[in-house]
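Q: Dropping a structure here in structure tokens format, bear with me for questions.
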Amino acid sequence: MSETPVKQQSTAAFYGQAVASFAVAMAATAVGIYQLNADAWVRGFLAIAVLYLVTSAFTLAKVIRDRQEAGQIVSRVDQARLEKLLAEHDPFEKI
């Protein structure tokens with residue numbers, strides 16, 4: 001009666017593509033900031049801003065994932081309670 005959802009896992013190719021894409025983006029940004037025709041403090045500020053943006057993006061992704069997983073757990077608990085109530089219910093029992 002209850003369906004156990006299949007846990008979706010990323011393939012090795014998808015993981016590799018994500019890591020490579022992140023590395024290329026960070027390298028391109030670093031080269032762009034390094035080649036920028038500006039003072040060192042401006043380049044330093046941009047570099048710190050990029051690092052802050054990256055850490056914020058990782059934190060946001062983790063929070064969203066944690067919230068989604070918590071919602072799935074609550075949904076499973078509610079479904080189990082409903083199944084237990086339905087299994088224990090006897091429609092022919094006198095009230």
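Naming scheme: A, B, ... for chains in displayed order of the structure tokens; residues 1 onward per chain; ligands 1 onward as shown.
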I want to know what sits within 12 Å of range 43-49 of chain A, based on only C-alpha atoms, with residues of the same chain fewer than 3 positions away left out; could you give that as a list in words?
A: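 Counting only the stated atoms, we get Met26, Ala27, Ala28, Thr29, Ala30, Val31, Gly32, Ile33, Tyr34, Gln35, Leu36, Asn37, Ala38, Asp39, Ala40, Tyr52, Leu53, Val54, Thr55 and Ser56 of chain A.
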Q: Could those selected residues go to a file with C-alpha atoms, as a PDB file, in the first residue's frame?
A:
```
ATOM      1  CA  MET A  26      36.069  30.218 -10.575  1.00  0.00           C
ATOM      2  CA  ALA A  27      39.205  30.163 -12.740  1.00  0.00           C
ATOM      3  CA  ALA A  28      37.671  32.484 -15.337  1.00  0.00           C
ATOM      4  CA  THR A  29      36.548  34.893 -12.635  1.00  0.00           C
ATOM      5  CA  ALA A  30      39.984  34.820 -10.993  1.00  0.00           C
ATOM      6  CA  VAL A  31      41.704  35.511 -14.330  1.00  0.00           C
ATOM      7  CA  GLY A  32      39.236  38.286 -15.084  1.00  0.00           C
ATOM      8  CA  ILE A  33      39.843  39.955 -11.729  1.00  0.00           C
ATOM      9  CA  TYR A  34      43.618  39.526 -12.085  1.00  0.00           C
ATOM     10  CA  GLN A  35      43.622  41.053 -15.586  1.00  0.00           C
ATOM     11  CA  LEU A  36      41.336  43.923 -14.563  1.00  0.00           C
ATOM     12  CA  ASN A  37      42.905  47.322 -15.147  1.00  0.00           C
ATOM     13  CA  ALA A  38      42.352  48.613 -11.614  1.00  0.00           C
ATOM     14  CA  ASP A  39      44.157  49.149  -8.349  1.00  0.00           C
ATOM     15  CA  ALA A  40      45.106  46.170  -6.217  1.00  0.00           C
ATOM     16  CA  TYR A  52      31.572  35.576  -0.223  1.00  0.00           C
ATOM     17  CA  LEU A  53      29.098  35.007  -3.046  1.00  0.00           C
ATOM     18  CA  VAL A  54      30.306  31.422  -3.511  1.00  0.00           C
ATOM     19  CA  THR A  55      30.063  30.568   0.186  1.00  0.00           C
ATOM     20  CA  SER A  56      26.608  32.157   0.360  1.00  0.00           C
TER      21      SER A  56
END
```
Q: What's the separation between CA of Leu60 in chain A and CA of Ala18 in chain A, in Å to one decimal place?
A: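 Separation between CA of Leu60 in chain A and CA of Ala18 in chain A: 16.8 Å.
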Q: Could you give me the residues within chain A that DSSP places in alpha helix (DSSP H), as a PyMOL selection string?
A: chain A and resi 12-35+40-88
